[in-house]
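Asker: So here's model-v2.csv (CSV, C-alpha atoms).
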chain,number,residue,atom,x,y,z
A,432,MET,CA,-39.2,3.5,42.7
A,433,ARG,CA,-41.9,0.9,42.1
A,434,ILE,CA,-45.6,1.7,41.7
A,435,HIS,CA,-46.6,0.3,45.1
A,436,ASP,CA,-43.8,2.4,46.8
A,437,ARG,CA,-45.2,5.6,45.2
A,438,TYR,CA,-48.7,4.5,46.2
A,439,ILE,CA,-47.8,4.0,49.8
A,440,LEU,CA,-45.6,7.1,49.9
A,441,GLY,CA,-48.4,9.3,48.6
A,442,GLY,CA,-50.8,8.0,51.2
A,443,PHE,CA,-48.3,8.5,54.0
A,444,TRP,CA,-47.5,12.1,53.1
A,445,ARG,CA,-51.1,13.0,52.6
A,446,ASN,CA,-52.0,11.6,56.0
A,447,LEU,CA,-48.9,13.2,57.6
A,448,ILE,CA,-50.0,16.7,56.5
A,449,ILE,CA,-53.5,16.2,57.6
A,450,GLY,CA,-52.3,14.9,61.0
A,451,PHE,CA,-49.9,17.7,61.4
A,452,ILE,CA,-52.5,20.4,60.7
A,453,ALA,CA,-55.0,18.7,63.1
A,454,PHE,CA,-52.5,18.4,66.0
A,455,THR,CA,-51.2,21.9,65.5
A,456,VAL,CA,-54.8,23.3,65.6
A,457,ILE,CA,-55.5,21.3,68.7
A,458,TYR,CA,-52.3,22.5,70.4
A,459,VAL,CA,-52.9,26.2,69.6
A,460,THR,CA,-56.6,26.0,70.6
A,461,VAL,CA,-55.8,24.4,74.0
A,462,ASP,CA,-53.0,26.9,74.7
A,463,VAL,CA,-55.2,29.9,73.8
A,464,SER,CA,-57.9,28.6,76.0
A,465,GLU,CA,-55.5,28.2,78.9
A,466,LYS,CA,-54.0,31.7,78.5
A,467,SER,CA,-57.1,33.6,77.4
A,468,ASP,CA,-57.6,35.2,80.9
A,469,ASN,CA,-54.0,36.4,80.9
A,470,TYR,CA,-54.3,37.8,77.4
A,471,TYR,CA,-57.4,39.7,78.6
A,472,ASP,CA,-55.8,41.0,81.8
A,473,ASP,CA,-52.7,42.1,79.8
A,474,LYS,CA,-55.0,43.8,77.1
A,475,ALA,CA,-53.1,41.8,74.4
A,476,THR,CA,-54.0,42.7,70.8
A,477,LEU,CA,-54.8,40.2,68.1
A,478,ARG,CA,-51.6,41.2,66.4
A,479,GLU,CA,-49.5,40.4,69.4
A,480,VAL,CA,-51.1,37.1,70.1
A,481,SER,CA,-50.9,36.1,66.4
A,482,SER,CA,-47.2,37.1,66.4
A,483,TYR,CA,-46.5,35.0,69.5
A,484,TYR,CA,-48.0,31.9,68.0
A,485,PHE,CA,-46.3,32.5,64.7
A,486,TYR,CA,-42.9,32.3,66.4
A,487,GLN,CA,-44.2,29.4,68.5
A,488,LEU,CA,-45.0,27.4,65.4
A,489,PRO,CA,-41.5,25.9,64.9
A,490,TRP,CA,-41.6,24.5,68.5
A,491,ILE,CA,-45.1,23.2,67.9
A,492,ILE,CA,-44.0,21.6,64.7
A,493,LEU,CA,-41.1,19.8,66.5
A,494,LEU,CA,-43.5,18.5,69.2
A,495,THR,CA,-46.3,17.4,66.8
A,496,VAL,CA,-44.3,15.9,63.9
A,497,PRO,CA,-43.6,12.5,65.7
A,498,ILE,CA,-47.2,12.1,66.6
A,499,SER,CA,-48.2,13.0,63.1
A,500,VAL,CA,-45.8,10.4,61.7
A,501,LEU,CA,-47.2,7.7,64.0
A,502,LEU,CA,-50.8,8.6,63.0
A,503,SER,CA,-49.9,8.7,59.3
A,504,THR,CA,-48.2,5.3,59.5
A,505,VAL,CA,-51.0,3.6,61.3
A,506,PHE,CA,-53.6,5.2,58.9
A,507,THR,CA,-51.7,4.4,55.7
A,508,LEU,CA,-50.9,0.8,56.5
A,509,GLY,CA,-54.2,0.3,58.3
A,510,ARG,CA,-56.0,1.2,55.1
A,511,LEU,CA,-53.9,-1.2,53.1
A,512,SER,CA,-54.7,-3.9,55.7
A,513,ARG,CA,-58.5,-3.2,55.7
A,514,GLU,CA,-58.6,-3.4,51.9
A,515,ASN,CA,-56.5,-6.6,51.8
A,516,GLU,CA,-53.8,-4.9,49.8
A,517,LEU,CA,-51.2,-5.5,52.5
A,518,THR,CA,-52.2,-9.2,52.6
A,519,ALA,CA,-51.8,-9.4,48.8
A,520,LEU,CA,-48.3,-7.9,49.0
A,521,VAL,CA,-47.2,-10.2,51.8
A,522,THR,CA,-48.7,-13.3,50.0
A,523,ALA,CA,-46.7,-12.3,46.9
A,524,GLY,CA,-43.5,-12.9,49.0
A,525,MET,CA,-42.7,-9.3,50.0
A,526,PRO,CA,-41.6,-8.9,53.6
A,527,LEU,CA,-43.3,-6.3,55.8
A,528,THR,CA,-40.1,-4.3,56.2
A,529,ARG,CA,-39.8,-4.0,52.4
A,530,ILE,CA,-43.5,-2.9,52.1
A,531,ALA,CA,-42.9,-0.3,54.7
A,532,ARG,CA,-39.5,0.9,53.4
A,533,PRO,CA,-40.9,4.1,51.9
A,534,ILE,CA,-42.5,5.1,55.2
A,535,LEU,CA,-39.4,4.2,57.3
A,536,LEU,CA,-37.0,6.1,54.9
A,537,SER,CA,-39.4,9.1,55.0
A,538,ALA,CA,-39.5,9.0,58.8
A,539,LEU,CA,-35.7,8.8,59.0
A,540,LEU,CA,-35.4,11.9,56.7
A,541,ILE,CA,-38.0,13.7,58.8
A,542,SER,CA,-35.9,12.9,61.9
A,543,LEU,CA,-32.8,14.2,60.3
A,544,GLY,CA,-34.7,17.3,59.1
A,545,SER,CA,-36.0,17.8,62.6
A,546,LEU,CA,-32.5,17.7,64.0
A,547,VAL,CA,-31.4,20.5,61.7
A,548,PHE,CA,-34.6,22.4,62.3
A,549,SER,CA,-34.3,22.2,66.1
A,550,GLU,CA,-30.7,23.5,65.8
A,551,PHE,CA,-31.1,26.4,63.5
A,552,VAL,CA,-34.7,27.5,63.6
A,553,VAL,CA,-36.4,26.6,66.9
A,554,PRO,CA,-34.0,28.4,69.3
A,555,PHE,CA,-34.3,31.7,67.3
A,556,ALA,CA,-38.1,31.4,67.1
A,557,ASN,CA,-38.4,30.5,70.8
A,558,ARG,CA,-36.4,33.6,71.8
A,559,LYS,CA,-38.6,35.8,69.6
A,560,ALA,CA,-41.8,34.2,71.0
A,561,GLU,CA,-40.6,34.7,74.6
A,562,LYS,CA,-39.7,38.4,73.9
A,563,ILE,CA,-43.2,39.0,72.4
A,564,MET,CA,-44.8,37.4,75.5
A,565,THR,CA,-42.7,39.2,78.1
A,566,VAL,CA,-42.2,42.6,76.4
A,567,ASP,CA,-45.3,43.2,74.2
A,568,ILE,CA,-48.0,41.1,76.0
A,569,GLU,CA,-46.9,41.1,79.6
A,570,GLY,CA,-44.9,44.3,79.4
A,571,SER,CA,-47.3,46.4,81.5
A,572,ARG,CA,-47.0,43.9,84.4
A,573,LYS,CA,-43.3,43.0,84.1
A,574,LYS,CA,-41.6,46.2,82.9
A,575,ASP,CA,-39.6,46.5,86.1
A,576,SER,CA,-37.9,43.1,85.4
A,577,PHE,CA,-36.1,44.7,82.4
A,578,LYS,CA,-34.6,47.4,84.7
A,579,TYR,CA,-33.8,45.4,87.8
A,580,ARG,CA,-33.1,41.9,88.9
A,581,LYS,CA,-34.0,41.0,92.5
A,582,ASN,CA,-32.4,38.3,94.6
A,583,LEU,CA,-29.7,37.8,92.0
A,584,HIS,CA,-27.7,34.5,91.9
A,585,TYR,CA,-25.1,34.2,89.2
A,586,GLN,CA,-22.6,31.4,88.7
A,587,GLY,CA,-19.3,33.0,87.6
A,588,GLU,CA,-16.0,31.5,86.5
A,589,ASN,CA,-13.2,30.0,88.6
A,590,ASN,CA,-15.6,28.6,91.3
A,591,ARG,CA,-17.0,32.1,91.9
A,592,THR,CA,-20.7,32.8,92.8
A,593,TRP,CA,-22.4,36.2,92.9
A,594,TYR,CA,-25.3,37.1,95.2
A,595,ALA,CA,-27.1,40.4,95.4
A,596,GLU,CA,-30.3,41.7,96.8
A,597,ARG,CA,-30.9,43.9,93.7
A,598,TYR,CA,-29.1,44.6,90.4
A,599,ASP,CA,-29.8,47.8,88.5
A,600,ILE,CA,-29.2,46.7,84.9
A,601,LYS,CA,-29.1,50.1,83.4
A,602,LEU,CA,-26.6,51.5,85.9
A,603,SER,CA,-24.7,48.2,86.4
A,604,VAL,CA,-25.0,48.6,90.2
A,605,LEU,CA,-25.3,45.7,92.7
A,606,LEU,CA,-26.8,46.4,96.1
A,607,ASN,CA,-26.0,44.3,99.2
A,608,VAL,CA,-23.7,42.0,97.2
A,609,ALA,CA,-21.8,38.9,98.4
A,610,LEU,CA,-19.1,37.2,96.3
A,611,HIS,CA,-18.2,33.7,97.2
A,612,GLU,CA,-15.0,32.0,96.0
A,613,HIS,CA,-14.5,28.2,96.4
A,614,VAL,CA,-11.8,25.7,96.0
A,615,ASP,CA,-13.5,22.4,95.1
A,616,SER,CA,-16.5,22.6,97.4
A,617,LYS,CA,-14.8,24.5,100.2
A,618,LEU,CA,-15.5,28.3,100.7
A,619,VAL,CA,-12.1,30.0,100.9
A,620,ARG,CA,-13.1,33.7,100.5
A,621,ARG,CA,-16.2,35.9,100.9
A,622,VAL,CA,-16.5,39.5,99.9
A,623,ASP,CA,-19.5,41.4,101.2
A,624,ALA,CA,-20.3,45.0,100.3
A,625,LYS,CA,-23.2,47.4,100.4
A,626,LYS,CA,-22.7,48.3,96.8
A,627,ALA,CA,-20.7,47.2,93.8
A,628,PHE,CA,-20.6,49.1,90.4
A,629,TRP,CA,-18.9,48.8,87.0
A,630,ASP,CA,-16.7,51.8,86.3
A,631,GLY,CA,-16.3,50.9,82.6
A,632,SER,CA,-13.4,48.5,82.9
A,633,LYS,CA,-13.7,46.7,86.3
A,634,TRP,CA,-15.9,46.1,89.3
A,635,VAL,CA,-15.5,48.4,92.3
A,636,PHE,CA,-16.9,47.3,95.7
A,637,MET,CA,-17.9,49.9,98.3
A,638,ASP,CA,-18.3,49.7,102.2
A,639,GLY,CA,-17.6,46.1,102.9
A,640,ALA,CA,-15.3,43.4,104.2
A,641,VAL,CA,-13.2,40.5,102.8
A,642,ARG,CA,-13.3,37.3,104.8
A,643,ASP,CA,-10.5,34.7,104.1
A,644,PHE,CA,-11.2,31.2,105.5
A,645,LEU,CA,-7.8,29.7,106.3
A,646,GLU,CA,-6.7,26.5,108.1
A,647,ALA,CA,-5.6,28.7,111.1
A,648,GLY,CA,-9.0,30.5,111.2
A,649,GLU,CA,-10.9,33.4,109.7
A,650,THR,CA,-9.3,36.8,108.8
A,651,VAL,CA,-11.5,39.9,108.2
A,652,THR,CA,-10.3,42.9,106.3
A,653,THR,CA,-12.7,45.9,106.0
A,654,PHE,CA,-12.6,48.4,103.2
A,655,GLN,CA,-14.4,51.6,102.0
A,656,ARG,CA,-13.5,51.1,98.3
A,657,LYS,CA,-12.0,48.0,96.8
A,658,GLU,CA,-11.3,47.6,93.0
A,659,MET,CA,-11.6,44.1,91.6
A,660,PRO,CA,-9.9,44.2,88.2
A,661,HIS,CA,-9.3,40.4,88.2
A,662,LEU,CA,-13.0,39.6,88.0
A,663,PRO,CA,-13.8,38.4,84.4
A,664,GLU,CA,-17.6,38.8,84.7
A,665,ARG,CA,-19.1,41.8,82.9
A,666,PRO,CA,-22.4,43.6,83.5
A,667,GLU,CA,-24.0,42.0,80.5
A,668,ASP,CA,-23.1,38.6,81.8
A,669,ILE,CA,-24.8,39.2,85.2
A,670,ALA,CA,-27.8,40.9,83.6
A,671,LYS,CA,-28.7,37.7,81.7
A,672,GLU,CA,-31.9,36.0,82.7
A,673,GLU,CA,-31.9,32.3,83.7
A,674,ILE,CA,-30.8,30.2,80.8
A,675,ILE,CA,-33.7,28.4,78.9
A,676,PRO,CA,-32.2,25.4,77.0
A,677,GLU,CA,-35.1,25.6,74.4
A,678,GLU,CA,-33.9,29.0,73.4
A,679,MET,CA,-30.3,27.9,72.7
A,680,ASN,CA,-28.8,25.8,70.0
A,681,PHE,CA,-26.4,23.0,70.6
A,682,PHE,CA,-23.2,25.1,70.5
A,683,GLU,CA,-24.6,27.9,72.7
A,684,LEU,CA,-25.8,25.4,75.3
A,685,ARG,CA,-22.4,23.6,75.2
A,686,ASN,CA,-20.5,26.8,75.8
A,687,HIS,CA,-22.8,27.6,78.7
A,688,ILE,CA,-22.1,24.2,80.2
A,689,ASP,CA,-18.4,24.7,79.8
A,690,LYS,CA,-18.7,28.1,81.7
A,691,ILE,CA,-20.7,26.5,84.5
A,692,ARG,CA,-18.1,23.6,84.7
A,693,ARG,CA,-15.3,26.2,85.0
A,694,GLY,CA,-17.2,27.9,87.8
A,695,GLY,CA,-17.7,24.7,89.7
A,696,GLY,CA,-21.5,24.6,89.3
A,697,GLY,CA,-23.7,21.6,88.7
A,698,ILE,CA,-24.1,20.7,85.0
A,699,ASP,CA,-26.2,17.5,85.0
A,700,LYS,CA,-29.4,19.4,84.3
A,701,TYR,CA,-27.9,21.1,81.3
A,702,LEU,CA,-26.2,18.0,80.0
A,703,VAL,CA,-29.5,16.2,79.9
A,704,ASP,CA,-31.0,19.1,77.9
A,705,LEU,CA,-27.9,19.1,75.6
A,706,TYR,CA,-28.3,15.3,74.8
A,707,PHE,CA,-32.0,15.7,74.5
A,708,LYS,CA,-31.5,18.0,71.5
A,709,PHE,CA,-30.2,14.9,69.6
A,710,SER,CA,-32.5,12.3,71.1
A,711,PHE,CA,-35.9,13.9,70.6
A,712,PRO,CA,-35.7,14.5,66.7
A,713,PHE,CA,-35.4,10.7,66.2
A,714,THR,CA,-38.7,10.1,67.9
A,715,ALA,CA,-40.4,10.3,64.4
A,716,PHE,CA,-38.4,7.3,63.1
A,717,ILE,CA,-39.1,5.3,66.3
A,718,PHE,CA,-42.8,6.0,66.1
A,719,ALA,CA,-42.8,4.9,62.4
A,720,VAL,CA,-41.2,1.6,63.4
A,721,ILE,CA,-43.9,1.0,66.1
A,722,GLY,CA,-46.6,2.2,63.7
A,723,VAL,CA,-45.5,-0.3,61.0
A,724,ALA,CA,-45.6,-3.2,63.5
A,725,LEU,CA,-49.0,-2.3,65.0
A,726,SER,CA,-50.6,-1.9,61.5
A,727,SER,CA,-49.6,-5.4,60.4
A,728,ALA,CA,-51.7,-7.1,63.1
A,729,LYS,CA,-54.0,-9.8,62.0
A,730,ARG,CA,-57.0,-7.8,63.4
A,731,LYS,CA,-57.5,-5.0,60.9
A,732,PRO,CA,-57.4,-1.7,62.8
A,733,SER,CA,-60.1,0.9,62.1
A,734,MET,CA,-59.4,4.6,61.9
A,735,ALA,CA,-60.8,5.1,65.4
A,736,THR,CA,-58.6,2.3,66.8
A,737,GLY,CA,-55.6,3.8,65.0
A,738,PHE,CA,-56.2,7.2,66.4
A,739,GLY,CA,-56.6,5.7,69.9
A,740,LEU,CA,-53.3,3.8,69.6
A,741,THR,CA,-51.6,7.0,68.4
A,742,LEU,CA,-52.7,8.9,71.5
A,743,LEU,CA,-51.9,6.0,73.9
A,744,ILE,CA,-48.4,5.5,72.5
A,745,SER,CA,-47.7,9.2,72.5
A,746,PHE,CA,-48.8,9.7,76.1
A,747,MET,CA,-46.7,6.7,77.2
A,748,TYR,CA,-43.7,7.9,75.3
A,749,TYR,CA,-43.8,11.5,76.6
A,750,GLY,CA,-44.4,10.1,80.2
A,751,ILE,CA,-41.3,8.0,80.0
A,752,LEU,CA,-39.4,10.8,78.4
A,753,ARG,CA,-40.2,13.2,81.3
A,754,VAL,CA,-39.3,10.6,83.9
A,755,GLY,CA,-35.9,10.1,82.2
A,756,GLN,CA,-35.3,13.8,82.1
A,757,SER,CA,-36.3,14.2,85.7
A,758,LEU,CA,-34.0,11.4,86.8
A,759,GLY,CA,-31.2,12.8,84.7
A,760,HIS,CA,-31.7,16.3,86.2
A,761,SER,CA,-31.6,15.0,89.7
A,762,GLY,CA,-28.4,13.0,89.1
A,763,VAL,CA,-30.1,9.6,89.6
A,764,LEU,CA,-29.3,8.6,86.0
A,765,HIS,CA,-26.4,9.5,83.8
A,766,PRO,CA,-27.4,12.6,81.8
A,767,LEU,CA,-27.0,10.7,78.5
A,768,LEU,CA,-29.2,7.8,79.7
A,769,GLY,CA,-31.8,10.3,81.1
A,770,ALA,CA,-32.1,12.1,77.8
A,771,TRP,CA,-32.3,8.8,75.7
A,772,MET,CA,-34.3,6.7,78.1
A,773,GLY,CA,-37.6,7.2,76.2
A,774,ASN,CA,-36.0,6.4,72.9
A,775,ILE,CA,-34.2,3.3,74.2
A,776,VAL,CA,-37.4,1.8,75.7
A,777,PHE,CA,-39.5,2.5,72.6
A,778,ILE,CA,-37.0,1.5,70.0
A,779,ALA,CA,-36.6,-1.8,71.8
A,780,ILE,CA,-40.4,-2.3,71.9
A,781,GLY,CA,-40.6,-1.3,68.2
A,782,ALA,CA,-37.9,-3.7,67.2
A,783,VAL,CA,-39.5,-6.6,69.0
A,784,LEU,CA,-42.9,-5.9,67.5
A,785,LEU,CA,-41.5,-5.4,64.0
A,786,TRP,CA,-39.5,-8.7,64.3
A,787,ARG,CA,-42.6,-10.6,65.4
A,788,ALA,CA,-44.8,-9.0,62.6
A,789,ASN,CA,-42.2,-9.7,60.0
A,790,LYS,CA,-42.0,-13.5,60.8
As a first step, turn the structure in this file into structure tokens.

Answerer:
Amino acid sequence: MRIHDRYILGGFWRNLIIGFIAFTVIYVTVDVSEKSDNYYDDKATLREVSSYYFYQLPWIILLTVPISVLLSTVFTLGRLSRENELTALVTAGMPLTRIARPILLSALLISLGSLVFSEFVVPFANRKAEKIMTVDIEGSRKKDSFKYRKNLHYQGENNRTWYAERYDIKLSVLLNVALHEHVDSKLVRRVDAKKAFWDGSKWVFMDGAVRDFLEAGETVTTFQRKEMPHLPERPEDIAKEEIIPEEMNFFELRNHIDKIRRGGGGIDKYLVDLYFKFSFPFTAFIFAVIGVALSSAKRKPSMATGFGLTLLISFMYYGILRVGQSLGHSGVLHPLLGAWMGNIVFIAIGAVLLWRANK
């Protein structure tokens, strides 16, 4: 590694650490301010709040690292530009891409590290943070939610959907339950019962009726007790809360998508979140490319200008990112395109800017 590479690399990592610490402090400060009333109402202790943010830290790192990379790139090359060191290197015949190679390689390594980090650390930490928030901090207000689930809706397998007015998690009892079975999108059977319970090996429905919807018409069969040994769903499956993609790694989310697909449910939303797990970590590299191009402008950027550019680009990126996700969730865009739309737009912008700057 040449001397100027080490010089640039040292400045980049120093600015990166400073930027990361600054953005993390800002994030936590704003979040605490927004939730302070809730913490007071829930009588949360300092230990509980500290533990919550400790486990939130991996998620905060994942969010703030791309912005920190952009800020560090702009500050590092902007300083070289202001002190005419960048001009001297270019005049010596060194192309801009070669000058910025240490930064671009570092950003690529950071992106790959973020991909691994988001797969093996972030989901576990998010689950712990959510548990601390719901059980330890909000436990006094939400303790009933760990015993019962109201207005249950569960997508089972083989085009089967469960509905229940109430589910007693401890006793594995469903009250006022309806079980719908579909073929494609057509309802072919409905089982209604006042109660359904798990007897240790199978579901048993009590005081209800089975409605079969045939071509010739509807048939109704009433029952006082009906055992349903063919149902594969178990109490622990139905007891699960709504899936939060941020609390699952790639393989867990993929398995969940396969289960929904077998059940005939919509999977576009979850596919967007699945592809997003690969698209977002590469934001750091894309931001580095844009930062290199902007820092090479003939007008030497000040630190204030660099900070302003960082915030502007970040807000634009996250705005386009959310638009892509929303369009993917709603089915307007293909899930893969919805998850990668922000990256596609900004890597195109970065490539054009870098090409022009390198001429």

Asker: Between A:Ile721, A:Pro489, A:Arg591, A:Asn469, which is the closest to Asp615 of chain A once you count only C-alpha atoms?

Answerer: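 Comparing A:Ile721, A:Pro489, A:Arg591, A:Asn469 against Asp615 of chain A, the winner is A:Arg591.
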
Asker: Do a neighbour search on Gly639 of chain A at 6 Å with only C-alpha atoms, toss out local chain neighbours closer than 5 positions, and write the hits as a compact mmCIF listing (two decimals) with C-alpha atoms, in the frame of the given file.

Answerer:
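Below is the file that was written, selection-v3.txt:
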# COMPACT_ATOMS: atom_id res chain seq x y z
CA ASP A 623 -19.50 41.40 101.20
CA ALA A 624 -20.30 45.00 100.30
CA THR A 653 -12.70 45.90 106.00
CA PHE A 654 -12.60 48.40 103.20

Asker: Counting all atoms listed in the file, which of A:Leu602, A:Leu740, A:Val776, A:Leu501 gets nearest to Ala719 of chain A?

Answerer: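 That would be A:Leu501, the residue with the smallest distance to Ala719 of chain A.
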
Asker: So which residues touch Ile439 of chain A within 9 Å, counting all atoms listed in the file, skipping near sequence neighbours fewer than 5 positions away, as a ChimeraX atom specification?

Answerer: /A:434,444,507-508,511,530-531,533-534

Asker: For a quick check of understanding, using all atoms listed in the file, which of A:Leu447, A:Leu546, A:Glu569, A:Ala670 has the smallest distance to Lys581 of chain A?

Answerer: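 Smallest distance to Lys581 of chain A is found for A:Ala670.
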
Asker: Please identify all polymer residues lying at most 8 Å from the point (-26.1, 46.6, 92.3) (file coordinates), using only C-alpha atoms, and present the result as a list of chain:residue names.

Answerer: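 Residues with an atom close enough to that point: A:Ala595, A:Glu596, A:Arg597, A:Tyr598, A:Asp599, A:Ser603, A:Val604, A:Leu605, A:Leu606, A:Asn607, A:Val608, A:Lys626, A:Ala627, A:Phe628.
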
Asker: What's the 10 Å shell around Phe548 of chain A, counting all atoms listed in the file, without same-chain residues fewer than 3 positions away, as an MDAnalysis selection string?

Answerer: chainID A and resid 489:490 492:493 541:545 551:554 712

Asker: Name the residues in contact with segment 759-769 of chain A at a cut-off of 10 Å, using only C-alpha atoms, excluding same-chain residues fewer than 2 positions from it; report them as a PyMOL selection string.

Answerer: chain A and resi 697-707+710+751-757+771-775

Asker: Using atom CA of Ala609 of chain A and atom CA of Trp593 of chain A as the two end points, give the distance in Å to one decimal.

Answerer: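 Answer for the atom CA of Ala609 of chain A to atom CA of Trp593 of chain A separation: 6.2 Å.
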
Asker: A:Ser467, A:Ser537, A:Ser503, A:Thr476: which is nearest Arg437 of chain A, counting all atoms listed in the file?

Answerer: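 Result for the nearest residue to Arg437 of chain A: A:Ser537.
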
Asker: Which residue is closest to His584 of chain A? Choose from A:Ile688, A:Thr528, A:Ser616, A:Lys671 and count only C-alpha atoms.

Answerer: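 Of all the options, A:Lys671 lies closest to His584 of chain A.
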
Asker: Using all atoms listed in the file, which of A:Asn515, A:Tyr585, A:Arg532, A:Val500 sits nearest Arg433 of chain A?

Answerer: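 For Arg433 of chain A, the nearest of the given residues is A:Arg532.
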
Asker: Give me, as a list of chain:residue names, all polymer residues having an atom no more than 12 Å from His687 of chain A, counting all atoms listed in the file and skipping those fewer than 2 positions away in the same chain.

Answerer: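 Using all atoms listed in the file, the neighbours found are A:Gln586, A:Gly587, A:Glu588, A:Asp668, A:Glu673, A:Ile674, A:Ile675, A:Pro676, A:Met679, A:Asn680, A:Phe681, A:Phe682, A:Glu683, A:Leu684, A:Arg685, A:Asp689, A:Lys690, A:Ile691, A:Arg692, A:Arg693, A:Gly694, A:Gly696, A:Gly697, A:Ile698, A:Lys700, A:Tyr701, A:Leu702, A:Asp704, A:Leu705.
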
Asker: So how many Å separate atom CA of Leu494 of chain A and atom CA of Asp436 of chain A, to one decimal?

Answerer: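 Atom-to-atom, atom CA of Leu494 of chain A and atom CA of Asp436 of chain A are spaced 27.6 Å apart.
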
Asker: Tell me, in Å to one decimal, how far atom CA of Arg620 of chain A is from atom CA of Ile600 of chain A.

Answerer: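 Straight-line distance from atom CA of Arg620 of chain A to atom CA of Ile600 of chain A works out to 25.9 Å.
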